[in-house]
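*Asks:* Take a look at run14.cif, mmCIF, C-alpha atoms:
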```
data_my_file
#
loop_
_atom_site.label_atom_id
_atom_site.label_comp_id
_atom_site.auth_asym_id
_atom_site.auth_seq_id
_atom_site.Cartn_x
_atom_site.Cartn_y
_atom_site.Cartn_z
CA MET H 1 -29.76 -93.95 -62.80
CA ARG H 2 -32.33 -92.47 -65.13
CA LEU H 3 -31.79 -93.60 -68.69
CA ARG H 4 -34.29 -91.38 -70.43
CA PRO H 5 -35.38 -87.78 -70.24
CA LYS H 6 -38.41 -87.14 -68.08
CA ALA H 7 -41.77 -87.02 -69.79
CA LYS H 8 -44.19 -84.30 -68.77
CA ILE H 9 -47.58 -85.22 -67.47
CA ASP H 10 -50.43 -82.77 -67.91
CA VAL H 11 -53.58 -83.20 -65.86
CA LEU H 12 -56.92 -82.25 -67.38
CA SER H 13 -59.66 -82.05 -64.81
CA GLY H 14 -63.13 -80.55 -64.42
CA PHE H 15 -66.50 -81.53 -63.04
CA LEU H 16 -68.81 -84.10 -64.58
CA GLY H 17 -70.04 -82.86 -67.93
CA SER H 18 -67.91 -79.75 -67.98
CA GLY H 19 -66.34 -80.54 -71.35
CA LYS H 20 -63.06 -82.23 -70.48
CA THR H 21 -63.17 -84.78 -73.24
CA THR H 22 -64.01 -82.20 -75.88
CA LEU H 23 -61.08 -80.16 -74.67
CA LEU H 24 -58.82 -83.19 -74.79
CA ARG H 25 -59.96 -84.09 -78.27
CA ASN H 26 -59.34 -80.56 -79.50
CA HIS H 27 -55.96 -80.49 -77.81
CA LEU H 28 -54.81 -83.72 -79.41
CA ALA H 29 -56.01 -82.49 -82.79
CA ALA H 30 -54.13 -79.22 -82.39
CA ILE H 31 -50.73 -80.63 -81.51
CA ASP H 32 -48.29 -83.04 -83.06
CA SER H 33 -49.44 -85.93 -80.95
CA SER H 34 -46.59 -88.28 -81.72
CA GLY H 35 -44.88 -89.03 -78.43
CA VAL H 36 -47.99 -88.11 -76.46
CA GLY H 37 -49.63 -90.73 -74.27
CA VAL H 38 -53.21 -90.37 -73.08
CA VAL H 39 -54.80 -91.75 -69.93
CA ILE H 40 -58.53 -91.34 -69.39
CA ASN H 41 -60.03 -91.93 -65.97
CA GLU H 42 -63.76 -92.35 -65.56
CA TYR H 43 -65.80 -92.64 -62.42
CA GLY H 44 -68.39 -94.85 -64.05
CA VAL H 45 -68.00 -98.59 -64.23
CA THR H 46 -68.04 -98.47 -68.01
CA ALA H 47 -65.65 -96.17 -69.76
CA ILE H 48 -67.05 -94.11 -72.60
CA ASP H 49 -64.94 -91.03 -73.01
CA HIS H 50 -62.04 -92.79 -74.66
CA ARG H 51 -64.29 -93.68 -77.55
CA LEU H 52 -64.78 -90.01 -78.18
CA VAL H 53 -61.06 -89.45 -78.45
CA ARG H 54 -59.52 -90.69 -81.64
CA TYR H 55 -56.18 -91.95 -80.59
CA GLY H 56 -53.96 -94.92 -81.21
CA ASP H 57 -54.63 -97.85 -78.91
CA ASP H 58 -50.94 -98.16 -78.13
CA ASP H 59 -50.76 -94.81 -76.40
CA LEU H 60 -54.25 -94.64 -74.89
CA ARG H 61 -55.11 -96.14 -71.53
CA VAL H 62 -58.45 -96.15 -69.76
CA LEU H 63 -59.07 -96.29 -66.03
CA ALA H 64 -62.71 -96.88 -65.16
CA SER H 65 -64.72 -97.64 -62.02
CA GLY H 66 -63.41 -94.97 -59.73
CA CYS H 67 -61.36 -91.85 -59.28
CA ALA H 68 -57.65 -91.89 -59.96
CA CYS H 69 -57.28 -89.60 -56.96
CA CYS H 70 -58.46 -92.24 -54.51
CA ALA H 71 -60.15 -95.52 -55.45
CA VAL H 72 -57.93 -96.41 -58.39
CA ALA H 73 -54.79 -94.49 -57.45
CA ASP H 74 -52.76 -97.71 -57.49
CA ARG H 75 -54.04 -98.56 -60.93
CA LEU H 76 -53.14 -95.12 -62.16
CA ARG H 77 -49.60 -95.76 -61.01
CA GLU H 78 -49.55 -99.10 -62.82
CA VAL H 79 -50.97 -97.62 -66.01
CA LEU H 80 -48.41 -94.84 -66.08
CA LEU H 81 -45.56 -97.26 -65.48
CA GLU H 82 -46.93 -99.51 -68.18
CA LEU H 83 -46.94 -96.62 -70.66
CA LEU H 84 -43.35 -95.82 -69.76
CA ARG H 85 -42.27 -99.46 -69.98
CA GLU H 86 -43.87 -99.95 -73.35
CA ASP H 87 -42.29 -96.80 -74.62
CA ALA H 88 -38.90 -98.00 -73.42
CA ARG H 89 -39.35 -101.15 -75.49
CA LYS H 90 -39.87 -99.06 -78.60
CA ASP H 91 -37.03 -97.39 -80.43
CA GLY H 92 -35.79 -94.17 -79.02
CA ASN H 93 -38.01 -93.46 -76.03
CA GLN H 94 -40.56 -91.45 -77.95
CA LEU H 95 -42.91 -90.64 -75.12
CA SER H 96 -42.37 -87.03 -74.18
CA ARG H 97 -45.75 -86.10 -72.77
CA ILE H 98 -48.72 -87.75 -71.12
CA VAL H 99 -52.14 -86.16 -70.85
CA LEU H 100 -54.28 -87.52 -68.03
CA GLU H 101 -57.99 -86.76 -68.17
CA THR H 102 -59.34 -87.25 -64.66
CA SER H 103 -62.81 -88.32 -63.70
CA GLY H 104 -65.26 -85.51 -63.04
CA LEU H 105 -65.02 -86.01 -59.30
CA ALA H 106 -61.28 -86.32 -59.02
CA ASP H 107 -59.05 -84.02 -57.06
CA PRO H 108 -56.09 -83.16 -59.30
CA ALA H 109 -53.91 -82.35 -56.27
CA SER H 110 -54.23 -85.92 -54.99
CA ILE H 111 -53.33 -87.28 -58.40
CA LEU H 112 -50.26 -85.09 -58.59
CA ASN H 113 -49.40 -86.30 -55.10
CA THR H 114 -49.61 -89.91 -56.24
CA ILE H 115 -47.21 -89.19 -59.06
CA ARG H 116 -44.75 -87.20 -57.01
CA ALA H 117 -44.79 -89.53 -54.04
CA ASP H 118 -43.94 -92.57 -56.14
CA GLU H 119 -40.21 -92.88 -56.55
CA ASN H 120 -40.42 -94.65 -59.91
CA LEU H 121 -42.91 -92.25 -61.41
CA ALA H 122 -41.10 -89.20 -60.05
CA GLU H 123 -37.94 -90.45 -61.69
CA TYR H 124 -39.49 -90.59 -65.14
CA LEU H 125 -42.26 -88.02 -65.03
CA GLU H 126 -42.37 -84.35 -64.26
CA ILE H 127 -45.53 -82.42 -63.60
CA GLY H 128 -46.62 -80.27 -66.50
CA SER H 129 -49.76 -78.21 -66.58
CA CYS H 130 -53.01 -78.65 -64.68
CA VAL H 131 -55.92 -77.53 -66.84
CA VAL H 132 -59.47 -77.45 -65.51
CA SER H 133 -62.64 -77.06 -67.55
CA PHE H 134 -65.47 -75.05 -66.00
CA ASP H 135 -68.94 -75.03 -67.46
CA VAL H 136 -70.30 -71.45 -67.55
CA VAL H 137 -73.89 -72.69 -67.61
CA ASP H 138 -73.91 -74.90 -64.51
CA GLY H 139 -70.42 -74.52 -63.09
CA VAL H 140 -71.17 -71.99 -60.36
CA THR H 141 -74.16 -73.96 -59.10
CA CYS H 142 -72.14 -77.17 -59.09
CA ALA H 143 -69.28 -75.49 -57.28
CA GLN H 144 -71.57 -74.29 -54.53
CA THR H 145 -72.88 -77.81 -54.05
CA TYR H 146 -69.81 -79.95 -54.65
CA PRO H 147 -66.51 -79.13 -52.97
CA GLU H 148 -64.78 -81.23 -55.64
CA VAL H 149 -65.33 -78.42 -58.14
CA ARG H 150 -63.72 -75.86 -55.88
CA HIS H 151 -60.76 -78.14 -55.26
CA GLN H 152 -60.35 -78.67 -58.98
CA LEU H 153 -60.40 -74.93 -59.64
CA ALA H 154 -58.03 -74.17 -56.80
CA GLY H 155 -55.45 -76.61 -58.14
CA ALA H 156 -55.53 -75.33 -61.71
CA ASP H 157 -52.77 -73.60 -63.61
CA SER H 158 -55.35 -72.70 -66.26
CA VAL H 159 -59.13 -72.74 -66.25
CA VAL H 160 -61.03 -73.04 -69.50
CA LEU H 161 -64.57 -71.71 -69.46
CA THR H 162 -66.63 -74.05 -71.60
CA LYS H 163 -70.07 -73.93 -73.22
CA ALA H 164 -69.85 -70.16 -73.57
CA ASP H 165 -71.81 -70.50 -76.81
CA LEU H 166 -74.78 -71.74 -74.75
CA ALA H 167 -74.73 -68.94 -72.21
CA GLU H 168 -75.60 -65.28 -71.99
CA HIS H 169 -72.89 -62.72 -71.45
CA ASP H 170 -73.87 -62.28 -67.78
CA ALA H 171 -73.48 -65.99 -67.09
CA ILE H 172 -70.01 -65.98 -68.59
CA GLU H 173 -68.99 -63.01 -66.49
CA ARG H 174 -70.45 -64.63 -63.36
CA ALA H 175 -68.46 -67.78 -64.03
CA ARG H 176 -65.35 -65.75 -64.71
CA SER H 177 -65.76 -63.84 -61.45
CA PHE H 178 -66.36 -67.04 -59.50
CA VAL H 179 -63.23 -68.67 -60.86
CA ARG H 180 -61.22 -65.54 -60.14
CA ASP H 181 -62.40 -65.57 -56.52
CA VAL H 182 -61.51 -69.21 -56.02
CA ASN H 183 -58.20 -69.11 -57.86
CA PRO H 184 -56.87 -65.68 -58.79
CA LEU H 185 -53.58 -67.26 -59.86
CA ALA H 186 -54.97 -69.33 -62.70
CA GLN H 187 -54.99 -68.21 -66.29
CA LEU H 188 -58.52 -67.91 -67.61
CA HIS H 189 -59.59 -68.82 -71.12
CA VAL H 190 -62.90 -69.04 -72.90
CA ALA H 191 -63.15 -72.07 -75.16
CA GLY H 192 -64.10 -71.04 -78.66
CA ALA H 193 -63.05 -67.42 -78.26
CA PRO H 194 -61.08 -66.04 -81.22
CA ASP H 195 -57.84 -65.97 -79.24
CA PHE H 196 -58.30 -69.41 -77.68
CA ASP H 197 -55.36 -71.67 -78.40
CA VAL H 198 -55.80 -74.98 -76.63
CA ALA H 199 -52.21 -76.08 -77.21
CA LYS H 200 -50.88 -72.97 -75.50
CA VAL H 201 -53.20 -73.57 -72.56
CA PHE H 202 -51.49 -76.89 -71.93
CA GLU H 203 -48.06 -75.31 -72.21
CA TYR H 204 -48.70 -72.96 -69.33
CA THR H 205 -47.66 -73.63 -65.75
CA GLN H 206 -47.55 -71.13 -62.95
CA GLY H 207 -43.88 -71.67 -62.29
CA VAL H 208 -42.55 -68.17 -62.81
CA MET H 209 -45.52 -65.92 -63.28
CA GLY H 210 -45.50 -62.67 -61.39
CA ILE H 211 -47.63 -62.16 -58.35
CA GLY H 212 -48.37 -59.17 -56.23
CA PRO H 213 -50.45 -58.03 -53.33
CA GLN H 214 -54.10 -58.78 -53.71
CA ASP H 215 -57.02 -59.27 -51.44
CA THR H 216 -60.04 -60.70 -53.11
CA PRO H 217 -63.29 -60.56 -51.18
CA ARG H 218 -64.46 -63.42 -49.07
CA HIS H 219 -66.38 -65.87 -51.19
CA ALA H 220 -69.73 -67.26 -50.21
CA VAL H 221 -68.34 -70.77 -50.15
CA GLY H 222 -65.68 -69.93 -47.56
CA ILE H 223 -62.72 -69.83 -49.89
CA ARG H 224 -60.50 -66.79 -49.57
CA SER H 225 -57.43 -65.60 -51.36
CA PHE H 226 -54.92 -63.23 -49.85
CA CYS H 227 -51.34 -62.14 -50.22
CA LEU H 228 -48.73 -61.78 -47.50
CA ARG H 229 -45.91 -59.38 -48.21
CA ILE H 230 -42.77 -59.77 -46.14
CA GLU H 231 -40.32 -56.92 -46.26
CA GLY H 232 -36.65 -57.80 -46.45
CA GLU H 233 -35.18 -61.24 -46.89
CA VAL H 234 -36.80 -64.34 -45.46
CA ASP H 235 -34.71 -67.05 -43.87
CA TRP H 236 -35.53 -70.03 -46.08
CA ALA H 237 -34.81 -72.62 -43.38
CA SER H 238 -37.25 -70.93 -41.01
CA PHE H 239 -39.90 -70.35 -43.64
CA SER H 240 -39.77 -73.90 -44.94
CA ILE H 241 -40.16 -75.37 -41.45
CA TRP H 242 -43.08 -73.08 -40.70
CA LEU H 243 -44.71 -74.16 -43.96
CA THR H 244 -44.24 -77.87 -43.20
CA CYS H 245 -45.81 -77.28 -39.81
CA LEU H 246 -48.72 -75.34 -41.31
CA LEU H 247 -49.35 -77.94 -44.00
CA ASN H 248 -49.19 -80.77 -41.50
CA ARG H 249 -52.07 -79.27 -39.55
CA HIS H 250 -54.00 -77.37 -42.21
CA GLY H 251 -52.85 -78.66 -45.58
CA SER H 252 -56.29 -79.88 -46.54
CA ARG H 253 -57.63 -76.32 -46.18
CA ILE H 254 -54.80 -74.60 -48.00
CA LEU H 255 -56.06 -75.12 -51.50
CA ARG H 256 -53.23 -73.34 -53.23
CA PHE H 257 -50.23 -71.27 -52.33
CA LYS H 258 -47.58 -69.59 -54.34
CA GLY H 259 -44.85 -67.18 -53.53
CA ILE H 260 -41.73 -65.47 -54.69
CA LEU H 261 -39.31 -65.45 -51.79
CA GLU H 262 -36.10 -63.59 -51.37
CA SER H 263 -33.67 -65.31 -49.06
CA ALA H 264 -30.15 -64.58 -47.89
CA SER H 265 -29.40 -68.22 -48.60
CA TYR H 266 -29.92 -67.85 -52.34
CA VAL H 267 -28.60 -65.40 -54.88
CA ARG H 268 -31.83 -65.33 -56.86
CA PRO H 269 -35.46 -65.26 -55.71
CA LEU H 270 -37.18 -68.59 -55.19
CA VAL H 271 -40.59 -69.49 -56.54
CA VAL H 272 -42.41 -71.78 -54.17
CA HIS H 273 -45.84 -73.18 -54.85
CA GLY H 274 -48.05 -76.05 -53.97
CA VAL H 275 -51.51 -77.50 -53.76
CA ARG H 276 -52.66 -78.48 -50.28
CA HIS H 277 -50.18 -80.97 -48.79
CA LEU H 278 -48.19 -81.07 -52.00
CA VAL H 279 -45.27 -78.67 -52.41
CA TYR H 280 -43.40 -78.50 -55.68
CA PRO H 281 -39.62 -78.24 -55.73
CA PRO H 282 -38.85 -74.52 -55.45
CA GLN H 283 -37.62 -72.95 -58.64
CA HIS H 284 -34.68 -70.62 -58.68
CA LEU H 285 -35.49 -67.67 -60.88
CA PRO H 286 -33.12 -67.10 -63.78
CA ASP H 287 -30.02 -64.98 -63.55
CA THR H 288 -31.79 -61.99 -65.00
CA SER H 289 -34.12 -61.80 -61.99
CA VAL H 290 -33.09 -59.27 -59.42
CA LYS H 291 -34.21 -59.13 -55.83
CA ARG H 292 -36.83 -56.52 -55.04
CA GLY H 293 -36.39 -56.32 -51.29
CA HIS H 294 -39.57 -58.14 -50.34
CA SER H 295 -41.32 -61.47 -50.68
CA ASP H 296 -44.92 -62.12 -51.69
CA LEU H 297 -46.94 -65.16 -50.74
CA VAL H 298 -50.39 -65.78 -52.14
CA PHE H 299 -52.67 -68.26 -50.38
CA ILE H 300 -56.04 -69.65 -51.35
CA VAL H 301 -57.57 -71.09 -48.22
CA ASP H 302 -60.85 -72.71 -47.30
CA GLY H 303 -62.12 -71.77 -43.87
CA LEU H 304 -58.87 -70.38 -42.48
CA ASP H 305 -58.38 -66.87 -41.17
CA PRO H 306 -55.71 -64.99 -43.19
CA SER H 307 -54.75 -62.83 -40.20
CA GLN H 308 -54.01 -65.96 -38.17
CA ILE H 309 -51.68 -67.24 -40.86
CA GLU H 310 -49.91 -63.91 -41.13
CA THR H 311 -49.48 -63.60 -37.36
CA SER H 312 -48.25 -67.16 -37.15
CA LEU H 313 -45.59 -66.60 -39.80
CA GLN H 314 -44.39 -63.35 -38.26
CA ARG H 315 -44.14 -64.90 -34.81
CA PHE H 316 -42.40 -67.94 -36.14
CA LEU H 317 -39.80 -65.95 -38.05
CA LYS H 318 -39.04 -63.90 -34.94
CA PHE H 319 -38.80 -67.03 -32.85
CA ALA H 320 -36.49 -68.63 -35.39
CA ALA H 321 -34.24 -65.57 -35.57
CA ARG H 322 -33.62 -65.93 -31.85
CA HIS H 323 -32.95 -69.64 -31.90
CA VAL H 324 -30.84 -70.44 -34.93
CA GLU H 325 -27.60 -69.03 -36.13
CA ALA H 326 -27.91 -66.56 -38.97
CA PRO H 327 -27.78 -68.07 -42.45
CA GLU H 328 -24.51 -67.97 -44.24
CA GLU H 329 -24.59 -65.11 -46.67
CA VAL H 330 -24.42 -66.63 -50.09
CA ARG H 331 -22.09 -65.15 -52.64
CA ASP H 332 -22.68 -65.31 -56.32
CA ARG H 333 -20.37 -68.25 -56.88
CA ARG H 334 -20.82 -68.23 -60.61
CA LEU H 335 -18.03 -65.68 -60.90
CA GLU H 336 -15.50 -67.52 -58.77
CA THR H 337 -16.38 -70.91 -60.25
CA SER H 338 -16.13 -69.64 -63.80
CA GLU H 339 -12.66 -68.31 -63.01
CA ALA H 340 -11.72 -71.59 -61.42
CA THR H 341 -12.79 -73.56 -64.43
CA MET U 1 -25.59 -89.19 -50.42
CA CYS U 2 -23.95 -90.56 -53.54
CA GLU U 3 -23.63 -94.31 -52.99
CA VAL U 4 -20.58 -94.52 -55.21
CA CYS U 5 -18.41 -91.69 -53.96
CA ALA U 6 -19.97 -91.17 -50.49
CA VAL U 7 -20.37 -87.46 -51.11
CA PHE U 8 -23.42 -85.78 -49.65
CA GLY U 9 -25.77 -84.22 -52.14
CA LEU U 10 -27.98 -81.18 -51.99
CA GLY U 11 -31.03 -83.01 -50.72
CA ARG U 12 -34.07 -83.85 -52.79
CA HIS U 13 -36.89 -82.62 -50.61
CA TRP U 14 -38.49 -79.29 -51.42
CA THR U 15 -37.29 -77.86 -48.12
CA ASP U 16 -33.73 -78.30 -49.38
CA ALA U 17 -34.40 -76.06 -52.39
CA GLY U 18 -31.08 -77.23 -53.68
CA THR U 19 -29.36 -75.90 -56.73
CA LEU U 20 -25.77 -75.89 -57.91
CA ALA U 21 -24.22 -72.66 -59.14
CA ASN U 22 -21.76 -74.76 -61.10
CA PRO U 23 -22.35 -78.53 -61.40
CA ARG U 24 -18.68 -79.06 -62.20
CA LEU U 25 -17.67 -77.63 -58.84
CA PRO U 26 -20.40 -78.67 -56.44
CA ALA U 27 -18.40 -78.71 -53.20
CA PRO U 28 -19.01 -75.12 -52.01
CA ASP U 29 -22.76 -75.41 -52.56
CA ILE U 30 -22.95 -78.84 -50.95
CA ALA U 31 -21.09 -77.52 -47.91
CA ARG U 32 -23.53 -74.64 -47.65
CA TYR U 33 -26.54 -76.94 -47.90
CA ARG U 34 -25.12 -79.08 -45.11
CA ILE U 35 -25.03 -75.97 -42.93
CA GLU U 36 -28.63 -75.16 -43.89
CA ARG U 37 -29.65 -78.69 -42.96
CA ARG U 38 -28.00 -78.26 -39.56
CA ARG U 39 -29.82 -74.96 -39.07
CA ARG U 40 -33.15 -76.57 -39.80
CA ILE U 41 -32.51 -79.30 -37.25
CA GLN U 42 -31.46 -76.65 -34.75
CA LEU U 43 -34.71 -74.81 -35.27
CA PHE U 44 -36.81 -77.94 -34.98
CA ASN U 45 -35.18 -78.71 -31.67
CA ALA U 46 -35.88 -75.20 -30.42
CA ILE U 47 -39.56 -75.73 -31.24
CA LEU U 48 -39.61 -79.17 -29.66
CA ALA U 49 -37.79 -78.03 -26.53
CA GLY U 50 -39.67 -79.13 -23.44
CA THR U 51 -41.44 -82.00 -25.18
CA GLY U 52 -38.65 -84.50 -24.54
CA ILE U 53 -38.31 -85.02 -28.28
CA VAL U 54 -35.12 -84.40 -30.18
CA LEU U 55 -34.57 -84.33 -33.92
CA SER U 56 -31.23 -85.50 -35.24
CA ASP U 57 -29.65 -86.07 -38.59
CA TRP U 58 -29.69 -89.65 -39.86
CA ASP U 59 -26.71 -90.08 -42.08
CA GLY U 60 -27.37 -86.88 -43.97
CA GLU U 61 -30.24 -88.53 -45.81
CA SER U 62 -33.12 -88.70 -43.36
CA PHE U 63 -33.97 -87.75 -39.79
CA TRP U 64 -34.48 -89.42 -36.45
CA VAL U 65 -37.29 -88.16 -34.26
CA GLY U 66 -36.46 -89.58 -30.86
CA ARG U 67 -37.39 -89.40 -27.24
CA ASN U 68 -34.99 -89.22 -24.35
CA ASP U 69 -35.65 -92.88 -23.56
CA GLY U 70 -34.20 -93.90 -26.92
CA SER U 71 -37.47 -94.66 -28.64
CA GLY U 72 -38.26 -92.89 -31.85
CA GLU U 73 -38.83 -93.13 -35.53
CA ARG U 74 -36.88 -92.42 -38.68
CA VAL U 75 -38.52 -90.09 -41.19
CA ALA U 76 -37.49 -89.42 -44.75
CA ASP U 77 -37.86 -85.68 -44.83
CA LEU U 78 -38.75 -82.66 -42.74
CA GLY U 79 -42.38 -82.77 -43.79
CA GLY U 80 -42.62 -86.14 -42.09
CA VAL U 81 -41.27 -84.90 -38.77
CA TRP U 82 -44.44 -83.23 -37.54
CA PRO U 83 -46.83 -86.21 -37.50
CA VAL U 84 -44.25 -88.30 -35.63
CA ALA U 85 -43.37 -85.50 -33.22
CA GLU U 86 -47.04 -84.95 -32.48
CA ARG U 87 -47.58 -88.61 -31.82
CA LEU U 88 -44.58 -88.86 -29.53
CA ALA U 89 -45.52 -85.62 -27.76
CA GLY U 90 -49.12 -86.72 -27.42
CA ARG U 91 -50.47 -83.41 -28.63
CA PRO U 92 -50.89 -81.48 -31.86
CA ILE U 93 -48.40 -78.80 -32.81
CA ASP U 94 -50.47 -76.20 -34.58
CA PRO U 95 -48.61 -73.10 -35.77
CA LEU U 96 -51.87 -71.15 -35.76
CA GLU U 97 -52.47 -71.97 -32.11
CA VAL U 98 -48.98 -72.08 -30.65
CA ASP U 99 -47.64 -68.72 -29.57
CA PHE U 100 -43.98 -69.14 -30.41
CA ALA U 101 -42.99 -65.80 -28.90
CA PRO U 102 -42.94 -66.70 -25.17
CA ALA U 103 -40.71 -69.70 -25.74
CA GLN U 104 -37.75 -67.47 -26.51
CA SER U 105 -37.57 -65.93 -23.06
#
```
Can you dump the structure from the file as structure tokens?
*Replies:*
Amino acid sequence: MRLRPKAKIDVLSGFLGSGKTTLLRNHLAAIDSSGVGVVINEYGVTAIDHRLVRYGDDDLRVLASGCACCAVADRLREVLLELLREDARKDGNQLSRIVLETSGLADPASILNTIRADENLAEYLEIGSCVVSFDVVDGVTCAQTYPEVRHQLAGADSVVLTKADLAEHDAIERARSFVRDVNPLAQLHVAGAPDFDVAKVFEYTQGVMGIGPQDTPRHAVGIRSFCLRIEGEVDWASFSIWLTCLLNRHGSRILRFKGILESASYVRPLVVHGVRHLVYPPQHLPDTSVKRGHSDLVFIVDGLDPSQIETSLQRFLKFAARHVEAPEEVRDRRLETSEAT
Amino acid sequence: MCEVCAVFGLGRHWTDAGTLANPRLPAPDIARYRIERRRRIQLFNAILAGTGIVLSDWDGESFWVGRNDGSGERVADLGGVWPVAERLAGRPIDPLEVDFAPAQS
């Protein structure tokens, strides 16, 4: 039994030197940071970044000598549990949010996987926002050399373009275009712009944002984004099995996916999204959401052919329709249950 | 399954996509999710037909991926079925390579 409300964990990622710590520092200064724990992960053997962040020792933890996505994943788990345990010893379970700054080489999707796959952590933590910093001066060059940058971008809910004050307008636009190609679903911000509100950036997740058909051009680095539209209702059981099968074989190359699905099994549309092998629990859209008669699925893939994925899904849905009984048509039980109560 | 009252729940894996219309009266939704679970197993077995592998429900909480000779492995959720099924079948099951259409004839 869970004895406390879940705390949200936000992941702040970005390549080496892209301005993560500055962003973190600004974020902590902008919010009421009581009840906020901070974990800083550094690849180097000696941690430095935490010294740049003014924060109480009680709620700040440092993980050095490796990436929390791989080498020190177990230690990340321990550190998070330690934060939660210490908070439980205090009065009133104050910890409501944890911000994790990853190392510059970390893959945020793997970190989120670590958290979600651990029964204890999943019981006490829920995934908040994934924010990625992207340096407009060197970011594009780094991304073309290091796949880690592309993975970071692809997993982001929001991307913050940093060091814009050091770059020409063209460089900013090039960075913006690059990020859009890699992850058209992410919100884009420019640090230091008049409308930039770092606290709001961390509040944003892609849970219920609208999506629609799009087909961005093939990117030089092999990452493509495309949208599948499926007319009519999708059988959720069939779709979910197809997706497990696809992720089992190709999850490492499906950098991001997100969809709003309409299914006969549910009264309201479902939002499904994930990062590579990780799929988040589908969200049921609120009562005010009406079905539109089609489903949209956006994929960001690395080295996969969109037409193959589309053909595979269509074939699978046809196959499934022939082999399983039709789903039970769901009624809006809210009416009957409210009468019964 | 609730360990106290022995009532099946909605399922916690993302493939369950479970939600209760009214938490005070969960029975109709739980019954429907049990049917959905059965449908998913039915579909898996249609895909695995001919491989000698059968998927079955394990106490409403997990799954058993088994061969006809009785060997097999328990998996926690549907995402875990594929790696085991591939190992038991001795070949990959790639939805981008497999043409599901002919199997229905």
*Asks:* Would you kindly translate the PyMOL selection byres ((chain U and resi 86-97) around 7) into the concrete residues it picks from this file, as JSON, numbers by chain?
*Replies:* {"H": [245, 246, 249, 308, 309, 312], "U": [51, 82, 83, 84, 85, 98, 99]}
*Asks:* Up to 9 Å from chain H, what residues of chain U turn up? Count all atoms listed in the file and give them as a PyMOL selection string.
*Replies:* chain U and resi 12-19+21-22+24-25+28-29+32+35-37+39-40+42-44+46-47+78-83+92-104
*Asks:* As an exercise, work out the distance from atom CA of His294 of chain H to atom CA of Val159 of chain H in Å and give it to one decimal place.
*Replies:*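 These two atoms are separated by 29.1 Å.
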*Asks:* So what does the PyMOL selection byres ((chain H and resi 254) around 12) actually pick up in this one, as a ChimeraX atom specification?
*Replies:* /H:109,150-151,154-155,182-183,222-226,243,246-253,255-258,273-279,298-306,309
*Asks:* Up to 7 Å from (-51.8, -78.8, -76.1) in the file's coordinates: name the residues, counting only C-alpha atoms, as a PyMOL selection string.
*Replies:* chain H and resi 27-28+30-31+198-203
*Asks:* For those residues, write C-alpha atoms to a file as a PDB file, in the frame of the given file.
*Replies:*
```pdb
ATOM      1  CA  HIS H  27     -55.960 -80.490 -77.810  1.00  0.00           C
ATOM      2  CA  LEU H  28     -54.810 -83.720 -79.410  1.00  0.00           C
ATOM      3  CA  ALA H  30     -54.130 -79.220 -82.390  1.00  0.00           C
ATOM      4  CA  ILE H  31     -50.730 -80.630 -81.510  1.00  0.00           C
ATOM      5  CA  VAL H 198     -55.800 -74.980 -76.630  1.00  0.00           C
ATOM      6  CA  ALA H 199     -52.210 -76.080 -77.210  1.00  0.00           C
ATOM      7  CA  LYS H 200     -50.880 -72.970 -75.500  1.00  0.00           C
ATOM      8  CA  VAL H 201     -53.200 -73.570 -72.560  1.00  0.00           C
ATOM      9  CA  PHE H 202     -51.490 -76.890 -71.930  1.00  0.00           C
ATOM     10  CA  GLU H 203     -48.060 -75.310 -72.210  1.00  0.00           C
TER      11      GLU H 203
END
```
*Asks:* Measure the distance from atom CA of Arg174 of chain H to atom CA of Arg229 of chain H in Å and round it to one decimal.
*Replies:* 29.3 Å
*Asks:* Determine the residue set returned by the PyMOL selection byres ((chain H and resi 152) around 12) for the present structure, and present it as a PyMOL selection string.
*Replies:* chain H and resi 11-16+18+69+102-112+130-134+139+142-143+146-151+153-160+179+182-183+186+255-256+275-276
*Asks:* How many Å lie between atom CA of Asp296 of chain H and atom CA of Gly259 of chain H, rounded to one decimal?
*Replies:*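 So the two atoms, atom CA of Asp296 of chain H and atom CA of Gly259 of chain H, lie 5.4 Å apart.
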*Asks:* Would you be able to write out as an mmCIF file with C-alpha atoms, in the coordinates of the input which residues have an atom within 7 Å of (-34.9, -86.2, -24.9) in the file's coordinates, counting all atoms listed in the file?
*Replies:*
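This went into result39.cif:
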```cif
data_model
loop_
_atom_site.group_PDB
_atom_site.id
_atom_site.type_symbol
_atom_site.label_atom_id
_atom_site.label_comp_id
_atom_site.auth_asym_id
_atom_site.auth_seq_id
_atom_site.Cartn_x
_atom_site.Cartn_y
_atom_site.Cartn_z
ATOM 1 C CA GLY U 52 -38.650 -84.500 -24.540
ATOM 2 C CA ILE U 53 -38.310 -85.020 -28.280
ATOM 3 C CA VAL U 54 -35.120 -84.400 -30.180
ATOM 4 C CA ARG U 67 -37.390 -89.400 -27.240
ATOM 5 C CA ASN U 68 -34.990 -89.220 -24.350
ATOM 6 C CA ASP U 69 -35.650 -92.880 -23.560
#
```
